[in-house]
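Asks: Following this line is query_12.cif, made up of mmCIF, C-alpha atoms and all ligand atoms:
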data_final
loop_
_atom_site.label_atom_id
_atom_site.label_comp_id
_atom_site.auth_asym_id
_atom_site.auth_seq_id
_atom_site.Cartn_x
_atom_site.Cartn_y
_atom_site.Cartn_z
CA MET T 1 36.77 71.19 -11.80
CA GLN T 2 40.28 70.48 -10.56
CA THR T 3 43.02 70.92 -13.11
CA SER T 4 44.71 67.70 -11.99
CA ARG T 5 41.74 65.69 -13.28
CA ARG T 6 41.41 66.00 -17.05
CA PRO T 7 37.84 67.01 -17.95
CA LEU T 8 35.69 64.67 -20.00
CA VAL T 9 32.57 65.60 -21.95
CA ALA T 10 30.61 62.64 -23.27
CA GLY T 11 27.66 62.66 -25.67
CA ASN T 12 25.11 59.91 -25.09
CA TRP T 13 23.06 59.83 -28.27
CA LYS T 14 20.71 57.18 -26.86
CA MET T 15 18.54 55.74 -29.68
CA ASN T 16 18.99 58.83 -31.85
CA ALA T 17 21.36 59.09 -34.80
CA SER T 18 21.70 59.39 -38.54
CA LEU T 19 24.64 59.25 -40.89
CA GLN T 20 24.13 62.97 -41.35
CA LEU T 21 24.52 63.61 -37.62
CA VAL T 22 27.74 61.55 -37.60
CA GLU T 23 29.14 63.66 -40.42
CA GLU T 24 28.06 66.96 -38.90
CA MET T 25 29.51 66.09 -35.51
CA GLN T 26 32.84 65.02 -37.02
CA GLN T 27 33.07 68.21 -39.06
CA THR T 28 32.09 70.53 -36.21
CA LEU T 29 34.44 68.95 -33.69
CA SER T 30 37.38 68.65 -36.04
CA ALA T 31 37.19 72.37 -36.89
CA GLU T 32 37.91 73.28 -33.25
CA PRO T 33 40.97 72.37 -31.26
CA LEU T 34 39.74 70.82 -28.00
CA GLU T 35 43.06 69.94 -26.45
CA ASN T 36 42.57 70.18 -22.73
CA LEU T 37 39.78 67.70 -22.30
CA ASP T 38 38.65 64.28 -23.46
CA VAL T 39 35.67 64.30 -25.81
CA LEU T 40 33.63 61.14 -26.17
CA ILE T 41 30.69 60.25 -28.40
CA CYS T 42 28.52 57.23 -27.64
CA PRO T 43 26.31 56.61 -30.68
CA PRO T 44 23.99 53.63 -31.14
CA PHE T 45 26.03 50.52 -32.08
CA PRO T 46 25.30 50.55 -35.87
CA TYR T 47 26.78 54.04 -36.20
CA LEU T 48 30.14 53.30 -34.56
CA SER T 49 31.76 52.31 -37.83
CA ALA T 50 30.40 55.40 -39.59
CA PHE T 51 32.95 57.48 -37.67
CA ASP T 52 35.97 57.82 -39.90
CA ASN T 53 39.35 58.87 -38.50
CA PHE T 54 37.51 60.57 -35.66
CA ALA T 55 39.83 62.81 -33.68
CA TYR T 56 38.09 62.07 -30.39
CA LYS T 57 36.93 59.03 -28.43
CA LEU T 58 34.12 56.61 -29.16
CA GLY T 59 32.10 54.56 -26.73
CA GLY T 60 29.21 52.11 -26.60
CA GLN T 61 26.03 52.80 -24.66
CA ASN T 62 25.82 49.33 -23.17
CA LEU T 63 27.49 45.92 -23.36
CA SER T 64 26.55 42.35 -22.58
CA GLU T 65 27.54 40.87 -19.25
CA ASN T 66 28.62 37.80 -21.25
CA THR T 67 31.57 37.07 -23.50
CA ASN T 68 30.98 36.20 -27.17
CA GLY T 69 28.57 33.33 -27.71
CA ALA T 70 24.92 32.41 -28.09
CA HIS T 71 23.29 35.63 -26.87
CA THR T 72 21.09 36.87 -29.71
CA GLY T 73 20.88 40.62 -29.99
CA GLU T 74 23.67 41.32 -27.52
CA VAL T 75 26.97 43.13 -28.11
CA SER T 76 30.16 42.22 -26.27
CA GLY T 77 32.88 44.44 -24.90
CA GLU T 78 35.36 42.78 -27.28
CA MET T 79 33.23 43.82 -30.26
CA LEU T 80 33.09 47.41 -29.07
CA LYS T 81 36.84 47.41 -28.63
CA GLU T 82 37.39 46.02 -32.13
CA LEU T 83 35.15 48.76 -33.55
CA GLY T 84 37.32 51.47 -32.02
CA CYS T 85 35.63 52.13 -28.68
CA ASP T 86 37.69 53.06 -25.65
CA PHE T 87 34.70 53.61 -23.35
CA VAL T 88 31.29 52.13 -22.66
CA ILE T 89 28.38 53.55 -20.68
CA VAL T 90 27.24 51.10 -18.03
CA GLY T 91 24.17 51.27 -15.80
CA HIS T 92 22.39 54.20 -17.41
CA SER T 93 19.06 54.74 -15.64
CA GLU T 94 17.15 54.08 -18.87
CA ARG T 95 18.70 50.62 -19.04
CA ARG T 96 18.09 50.05 -15.36
CA SER T 97 14.39 50.84 -15.85
CA ASP T 98 13.70 49.62 -19.43
CA ASN T 99 15.79 46.45 -19.12
CA SER T 100 15.55 45.75 -15.38
CA GLU T 101 19.30 46.07 -14.86
CA SER T 102 19.96 45.62 -11.14
CA ASP T 103 22.88 47.10 -9.21
CA GLU T 104 24.49 43.64 -9.32
CA MET T 105 24.08 43.26 -13.06
CA VAL T 106 25.50 46.73 -13.59
CA ALA T 107 28.47 45.76 -11.44
CA ARG T 108 29.06 42.62 -13.52
CA LYS T 109 28.93 44.72 -16.69
CA VAL T 110 31.49 47.12 -15.24
CA LYS T 111 33.77 44.14 -14.66
CA ARG T 112 33.15 42.76 -18.16
CA ALA T 113 33.92 46.15 -19.72
CA MET T 114 37.27 46.29 -17.94
CA GLU T 115 38.13 42.73 -18.92
CA ALA T 116 37.54 43.76 -22.54
CA GLY T 117 39.88 46.74 -22.15
CA LEU T 118 37.18 49.42 -22.07
CA VAL T 119 36.79 52.25 -19.60
CA PRO T 120 33.34 51.94 -18.04
CA VAL T 121 31.36 55.15 -17.61
CA PHE T 122 29.45 53.90 -14.60
CA CYS T 123 26.14 55.75 -14.15
CA PHE T 124 24.18 56.04 -10.94
CA GLY T 125 21.60 58.42 -9.53
CA GLU T 126 18.38 58.69 -7.61
CA PRO T 127 14.71 59.08 -8.49
CA LEU T 128 12.95 62.15 -7.13
CA GLU T 129 11.15 60.29 -4.34
CA VAL T 130 14.48 59.14 -2.88
CA ARG T 131 15.82 62.69 -2.83
CA GLU T 132 12.60 64.02 -1.30
CA GLY T 133 12.51 61.13 1.18
CA GLY T 134 15.82 62.23 2.64
CA ASN T 135 17.86 59.06 2.17
CA LEU T 136 19.79 60.15 -0.88
CA ASN T 137 23.26 59.25 0.37
CA ASP T 138 22.26 55.74 1.49
CA PHE T 139 20.68 55.08 -1.90
CA LEU T 140 23.75 56.25 -3.82
CA ALA T 141 26.08 54.36 -1.49
CA LEU T 142 24.29 51.09 -2.34
CA GLN T 143 24.75 51.72 -6.05
CA LEU T 144 28.44 52.48 -5.55
CA ASP T 145 29.01 49.59 -3.14
CA ALA T 146 27.64 47.04 -5.61
CA VAL T 147 30.46 47.99 -7.98
CA ILE T 148 33.11 48.29 -5.27
CA ASN T 149 32.19 44.76 -4.10
CA GLU T 150 32.45 43.35 -7.63
CA VAL T 151 35.65 44.95 -8.92
CA GLY T 152 37.39 46.39 -5.83
CA ILE T 153 38.26 49.98 -5.12
CA SER T 154 41.51 50.01 -7.09
CA ALA T 155 39.57 49.38 -10.32
CA PHE T 156 37.94 52.79 -9.87
CA ALA T 157 41.26 54.31 -10.92
CA ASP T 158 40.45 53.05 -14.45
CA MET T 159 36.81 54.05 -14.49
CA VAL T 160 34.73 57.17 -15.00
CA LEU T 161 31.69 57.83 -12.81
CA ALA T 162 28.59 59.68 -13.94
CA TYR T 163 26.12 61.03 -11.42
CA GLU T 164 22.78 61.34 -13.17
CA PRO T 165 19.79 62.21 -11.00
CA ILE T 166 16.87 60.51 -12.75
CA TRP T 167 14.59 63.51 -12.23
CA ALA T 168 17.01 65.65 -14.24
CA ILE T 169 17.41 63.34 -17.25
CA GLY T 170 15.64 64.63 -20.34
CA THR T 171 13.36 66.80 -18.22
CA GLY T 172 15.00 70.17 -18.70
CA LYS T 173 15.23 70.29 -14.88
CA THR T 174 18.96 70.22 -14.20
CA ALA T 175 20.45 69.81 -10.75
CA SER T 176 21.76 73.12 -9.46
CA PRO T 177 25.55 73.40 -9.41
CA GLU T 178 25.34 73.19 -5.60
CA GLN T 179 23.23 70.01 -5.71
CA ALA T 180 25.66 68.42 -8.15
CA GLN T 181 28.69 69.45 -6.10
CA GLU T 182 27.14 68.13 -2.89
CA VAL T 183 26.63 64.66 -4.37
CA HIS T 184 30.01 64.55 -6.14
CA LYS T 185 31.71 65.47 -2.86
CA PHE T 186 29.76 62.77 -1.05
CA VAL T 187 30.80 60.20 -3.68
CA ARG T 188 34.46 61.13 -3.29
CA GLU T 189 34.17 60.90 0.50
CA HIS T 190 32.50 57.51 0.20
CA LEU T 191 35.29 56.19 -2.05
CA ALA T 192 37.92 57.75 0.23
CA LYS T 193 36.84 55.37 3.02
CA HIS T 194 38.54 52.70 0.86
CA SER T 195 41.25 54.72 -0.90
CA GLN T 196 42.04 58.40 -0.65
CA ASP T 197 44.11 58.33 -3.86
CA VAL T 198 41.40 56.66 -5.91
CA ALA T 199 38.77 59.06 -4.55
CA GLN T 200 40.84 62.08 -5.52
CA GLY T 201 41.83 60.78 -8.95
CA VAL T 202 38.55 59.42 -10.33
CA ARG T 203 36.63 61.60 -12.76
CA ILE T 204 33.00 62.18 -11.81
CA LEU T 205 30.74 63.55 -14.55
CA TYR T 206 27.39 65.18 -14.01
CA GLY T 207 24.50 64.26 -16.33
CA GLY T 208 20.93 65.46 -16.54
CA SER T 209 19.74 68.32 -18.77
CA VAL T 210 23.20 69.80 -19.26
CA LYS T 211 22.99 72.49 -21.94
CA ALA T 212 25.27 75.08 -23.47
CA GLU T 213 23.71 77.64 -21.09
CA ASN T 214 24.30 75.80 -17.80
CA ALA T 215 27.43 73.74 -18.53
CA ALA T 216 30.05 76.27 -17.39
CA GLU T 217 28.49 76.72 -13.93
CA LEU T 218 28.22 72.98 -13.40
CA PHE T 219 31.77 72.29 -14.61
CA ALA T 220 33.10 75.06 -12.36
CA GLN T 221 32.26 72.99 -9.27
CA PRO T 222 35.40 71.54 -7.69
CA ASP T 223 34.23 67.91 -7.79
CA VAL T 224 32.52 68.01 -11.19
CA ASP T 225 34.93 66.81 -13.90
CA GLY T 226 32.72 67.17 -16.96
CA GLY T 227 29.38 65.96 -18.19
CA LEU T 228 27.36 63.16 -19.74
CA ILE T 229 25.16 64.90 -22.26
CA GLY T 230 21.99 63.45 -23.76
CA GLY T 231 19.65 65.75 -25.68
CA ALA T 232 22.15 68.56 -26.20
CA SER T 233 24.68 66.16 -27.76
CA LEU T 234 22.36 65.76 -30.77
CA SER T 235 23.24 69.26 -31.94
CA SER T 236 26.87 69.51 -32.95
CA ALA T 237 26.92 73.26 -32.24
CA ASP T 238 25.46 72.83 -28.74
CA PHE T 239 27.75 69.91 -27.98
CA LEU T 240 30.77 71.93 -29.10
CA SER T 241 29.75 74.80 -26.79
CA ILE T 242 29.48 72.37 -23.89
CA CYS T 243 32.92 70.96 -24.69
CA GLN T 244 34.32 74.48 -24.80
CA ALA T 245 32.83 75.14 -21.36
CA ALA T 246 35.01 72.29 -20.06
CA ASN T 247 38.15 73.30 -21.98
CA PRO T 248 40.22 75.07 -19.33
P1 LIG T 301 19.89 64.60 -20.97
O1 LIG T 301 20.37 63.08 -20.79
O2 LIG T 301 21.11 65.44 -21.15
O3 LIG T 301 19.00 64.58 -22.19
O4 LIG T 301 19.13 64.96 -19.74
C1 LIG T 301 21.52 62.76 -20.05
C2 LIG T 301 21.71 61.27 -20.03
O5 LIG T 301 20.73 60.54 -19.91
O6 LIG T 301 22.86 60.76 -20.14
#
Give the structure from this file in structure tokens form.
Ligand code: PGA

Replies:
Amino acid sequence: MQTSRRPLVAGNWKMNASLQLVEEMQQTLSAEPLENLDVLICPPFPYLSAFDNFAYKLGGQNLSENTNGAHTGEVSGEMLKELGCDFVIVGHSERRSDNSESDEMVARKVKRAMEAGLVPVFCFGEPLEVREGGNLNDFLALQLDAVINEVGISAFADMVLAYEPIWAIGTGKTASPEQAQEVHKFVREHLAKHSQDVAQGVRILYGGSVKAENAAELFAQPDVDGGLIGGASLSSADFLSICQAANP
């Protein structure tokens, strides 16, 4: 982690939450001063308004690629903004697989999020067969290029990236700190072909089975600027420990 990039630890609750968890998380986090990093919670939509005077940031887990209108069941960026979100996760692998979100659709959602005044947390990452097949960098470059083509490189200055290898998500099999660093470095080099400044300034989170026990090693890598935390963000004590591991 480089001190010039402020760390960010984000909890992705996925489709897990309760009013009790909201209360516990607020209490646990407010008892501890976490001043040197950004802390973000992304609960399911209905729980956003249950956060009351939350000292940290809120985000959605998804948004519609459309503006407000006749799109039953969808949620717009403007709605998230009105409910107090500053961020929104875009392109999570579960949405790519469960909802057939293509690279192009993800790119349009990144654009929509920015138009609504939200910071997209743009997720990308490879399945195991791609890694084992040896064309990891080409695969990741396509995911990145879809977004670069849609919004332009300068927009990356107002985005957060999250590298989430699919084989590490929810499996307990985290990428090693070296594997994470190698990809994060590649991503920065890829962006640097367009803009050195943007490549150096953008925060790149690692996600995939981050726990209190392995967070510090991952966050110690020079190109890892924090984490996107699934399972371990459902325990306020574990999530706090992970935040502390990123609090320089
Ligand atoms: P995990 O999920 O921490 O449970 O592996 C991470 C994510 O999907 O964002």

Asks: Rank T:Ala31, T:Val198, T:Val110, T:Ala141 by their smallest atom-to-atom distance to Ala157 in chain T, using only C-alpha atoms, and report the top residue only.

Replies: T:Val198

Asks: Can you pull out every residue within 9 Å of Asp86 in chain T, counting only C-alpha atoms, but drop anything in the same chain fewer than 3 positions away, and send it as a VMD selection string?

Replies: chain T and resid 57 to 60 80 to 81 117 to 120

Asks: Residues of chain T that have any atom at most 6 Å from an atom of ligand LIG 301 (chain T): could you tabulate them with the shortest-distance atom pair and the distance in Å to one decimal, using all atoms listed in the file, ordered by chain and increasing number, as a Markdown table?

Replies:
| residue | atom | partner | partner_atom | distance |
| --- | --- | --- | --- | --- |
| T:Asn12 | CA | T:LIG301 | O6 | 5.5 |
| T:Ala168 | CA | T:LIG301 | O4 | 5.9 |
| T:Ile169 | CA | T:LIG301 | O4 | 3.4 |
| T:Gly170 | CA | T:LIG301 | O4 | 3.6 |
| T:Gly207 | CA | T:LIG301 | C1 | 5.0 |
| T:Gly208 | CA | T:LIG301 | O4 | 3.7 |
| T:Ser209 | CA | T:LIG301 | O4 | 3.6 |
| T:Val210 | CA | T:LIG301 | O2 | 5.2 |
| T:Leu228 | CA | T:LIG301 | O6 | 5.1 |
| T:Ile229 | CA | T:LIG301 | O2 | 4.2 |
| T:Gly230 | CA | T:LIG301 | O2 | 3.4 |
| T:Gly231 | CA | T:LIG301 | O3 | 3.7 |

Asks: Check the smallest atom-to-atom distance from each of T:Pro248, T:Val22, T:Phe239, T:Phe122 to Val39 in chain T using only C-alpha atoms, then report the winner.

Replies: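 Smallest separation from Val39 in chain T among the options: T:Phe239.
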
Asks: Please measure the separation of CA of Glu32 in chain T and CA of Leu240 in chain T, giving the value in Å to one decimal.

Replies: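 Separation of CA of Glu32 in chain T and CA of Leu240 in chain T: 8.4 Å.
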
Asks: Which one is closest to His194 in chain T: T:Asn149, T:Phe87, T:Gln181, T:Lys211? Count only C-alpha atoms.

Replies: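 When distances to His194 in chain T are compared using only C-alpha atoms, the smallest one comes from T:Asn149.
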
Asks: For CA of Arg108 in chain T and CA of Asp145 in chain T, determine how far apart the two atoms are, in Å to one decimal place.

Replies: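 Between CA of Arg108 in chain T and CA of Asp145 in chain T the gap works out to 12.5 Å.
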
Asks: Could you pull the residues within 10 Å of Ile148 in chain T, counting all atoms listed in the file, minus those fewer than 6 positions along the same chain, as a list of chain:residue names?

Replies: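 My list of contacting residues is T:Ala107, T:Leu142, T:Ser154, T:Ala155, T:Phe156, T:Leu191, T:His194.
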
Asks: Which of these, T:Leu144, T:Val106, T:Ala10, T:Val75, has the shortest distance to Ser93 in chain T once you count all atoms listed in the file?

Replies: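 Looking only at the distances to Ser93 in chain T, the closest residue turns out to be T:Val106.
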
Asks: Between T:Asp158, T:Ile204, T:Val121, T:Asn62, which residue has the minimum interatomic distance to Glu74 in chain T, considering only C-alpha atoms?

Replies: T:Asn62

Asks: Restricting the calculation to all atoms listed in the file: of T:Asn36, T:Asn68, T:Ser233, T:Gln26, which residue gets closest to Asp52 in chain T?

Replies: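 Comparing T:Asn36, T:Asn68, T:Ser233, T:Gln26 against Asp52 in chain T, the winner is T:Gln26.
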
Asks: Find the distance between CA of Ser235 in chain T and CA of Glu24 in chain T and write it in Å to one decimal.

Replies: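 CA of Ser235 in chain T sits 8.8 Å away from CA of Glu24 in chain T.
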
Asks: Would you pick out the contacts of Gln221 in chain T at 8 Å or less, using only C-alpha atoms, so that residues sharing its chain but fewer than 6 positions from it are not included, and give the list as a count of residues only?

Replies: 4

Asks: Need to verify the contact set: Asp103 in chain T, 8 Å, all atoms listed in the file, exclusion of same-chain residues closer than 2 positions in sequence. Can you return it as a PyMOL selection string?

Replies: chain T and resi 91+101+105-107+143+146-147

Asks: Fewer than 3 positions away in the same chain doesn't count, so skip those; otherwise give me all residues within 8 Å of Lys109 in chain T, counting only C-alpha atoms, as a PyMOL selection string.

Replies: chain T and resi 63-65+90+105-106+112-113

Asks: Output range 21-42 of chain T as a compact mmCIF listing (two decimals), in the frame of the given file, making sure N, CA, C and O atoms are there.

Replies:
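Dumped everything to part.txt:
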# COMPACT_ATOMS: atom_id res chain seq x y z
N LEU T 21 24.07 63.10 -38.93
CA LEU T 21 24.52 63.61 -37.62
C LEU T 21 25.99 63.22 -37.38
O LEU T 21 26.78 64.01 -36.87
N VAL T 22 26.35 62.00 -37.76
CA VAL T 22 27.74 61.55 -37.60
C VAL T 22 28.66 62.51 -38.35
O VAL T 22 29.68 62.98 -37.82
N GLU T 23 28.29 62.81 -39.59
CA GLU T 23 29.14 63.66 -40.42
C GLU T 23 29.23 65.08 -39.85
O GLU T 23 30.33 65.64 -39.74
N GLU T 24 28.09 65.60 -39.47
CA GLU T 24 28.06 66.96 -38.90
C GLU T 24 28.92 67.06 -37.65
O GLU T 24 29.68 68.00 -37.46
N MET T 25 28.77 66.07 -36.78
CA MET T 25 29.51 66.09 -35.51
C MET T 25 31.01 66.02 -35.79
O MET T 25 31.80 66.75 -35.19
N GLN T 26 31.41 65.15 -36.71
CA GLN T 26 32.84 65.02 -37.02
C GLN T 26 33.38 66.34 -37.56
O GLN T 26 34.45 66.78 -37.17
N GLN T 27 32.60 66.96 -38.45
CA GLN T 27 33.07 68.21 -39.06
C GLN T 27 33.17 69.32 -38.01
O GLN T 27 34.16 70.03 -37.93
N THR T 28 32.12 69.45 -37.20
CA THR T 28 32.09 70.53 -36.21
C THR T 28 33.23 70.37 -35.20
O THR T 28 33.93 71.33 -34.88
N LEU T 29 33.41 69.15 -34.72
CA LEU T 29 34.44 68.95 -33.69
C LEU T 29 35.85 69.04 -34.27
O LEU T 29 36.76 69.51 -33.58
N SER T 30 36.01 68.62 -35.52
CA SER T 30 37.38 68.65 -36.04
C SER T 30 37.81 70.07 -36.41
O SER T 30 38.99 70.36 -36.53
N ALA T 31 36.84 70.98 -36.55
CA ALA T 31 37.19 72.37 -36.89
C ALA T 31 37.72 73.13 -35.67
O ALA T 31 38.25 74.22 -35.82
N GLU T 32 37.55 72.57 -34.48
CA GLU T 32 37.91 73.28 -33.25
C GLU T 32 38.95 72.49 -32.47
O GLU T 32 38.74 71.32 -32.20
N PRO T 33 40.04 73.14 -32.08
CA PRO T 33 40.97 72.37 -31.26
C PRO T 33 40.46 72.26 -29.81
O PRO T 33 40.26 73.26 -29.15
N LEU T 34 40.19 71.05 -29.38
CA LEU T 34 39.74 70.82 -28.00
C LEU T 34 40.84 69.99 -27.36
O LEU T 34 40.80 68.77 -27.39
N GLU T 35 41.84 70.67 -26.84
CA GLU T 35 43.06 69.94 -26.45
C GLU T 35 43.14 69.60 -24.97
O GLU T 35 43.87 68.72 -24.57
N ASN T 36 42.38 70.34 -24.17
CA ASN T 36 42.57 70.18 -22.73
C ASN T 36 41.48 69.36 -22.06
O ASN T 36 41.25 69.47 -20.87
N LEU T 37 40.79 68.59 -22.88
CA LEU T 37 39.78 67.70 -22.30
C LEU T 37 39.64 66.47 -23.19
O LEU T 37 40.11 66.46 -24.34
N ASP T 38 39.01 65.44 -22.65
CA ASP T 38 38.65 64.28 -23.46
C ASP T 38 37.22 64.47 -23.93
O ASP T 38 36.35 64.88 -23.15
N VAL T 39 37.00 64.21 -25.22
CA VAL T 39 35.67 64.30 -25.81
C VAL T 39 35.28 62.91 -26.26
O VAL T 39 36.07 62.20 -26.90
N LEU T 40 34.08 62.51 -25.90
CA LEU T 40 33.63 61.14 -26.17
C LEU T 40 32.23 61.18 -26.78
O LEU T 40 31.37 61.91 -26.29
N ILE T 41 32.04 60.40 -27.83
CA ILE T 41 30.69 60.25 -28.40
C ILE T 41 30.28 58.79 -28.28
O ILE T 41 31.03 57.88 -28.65
N CYS T 42 29.08 58.58 -27.77
CA CYS T 42 28.52 57.23 -27.64
C CYS T 42 27.27 57.13 -28.52
O CYS T 42 26.16 57.43 -28.07
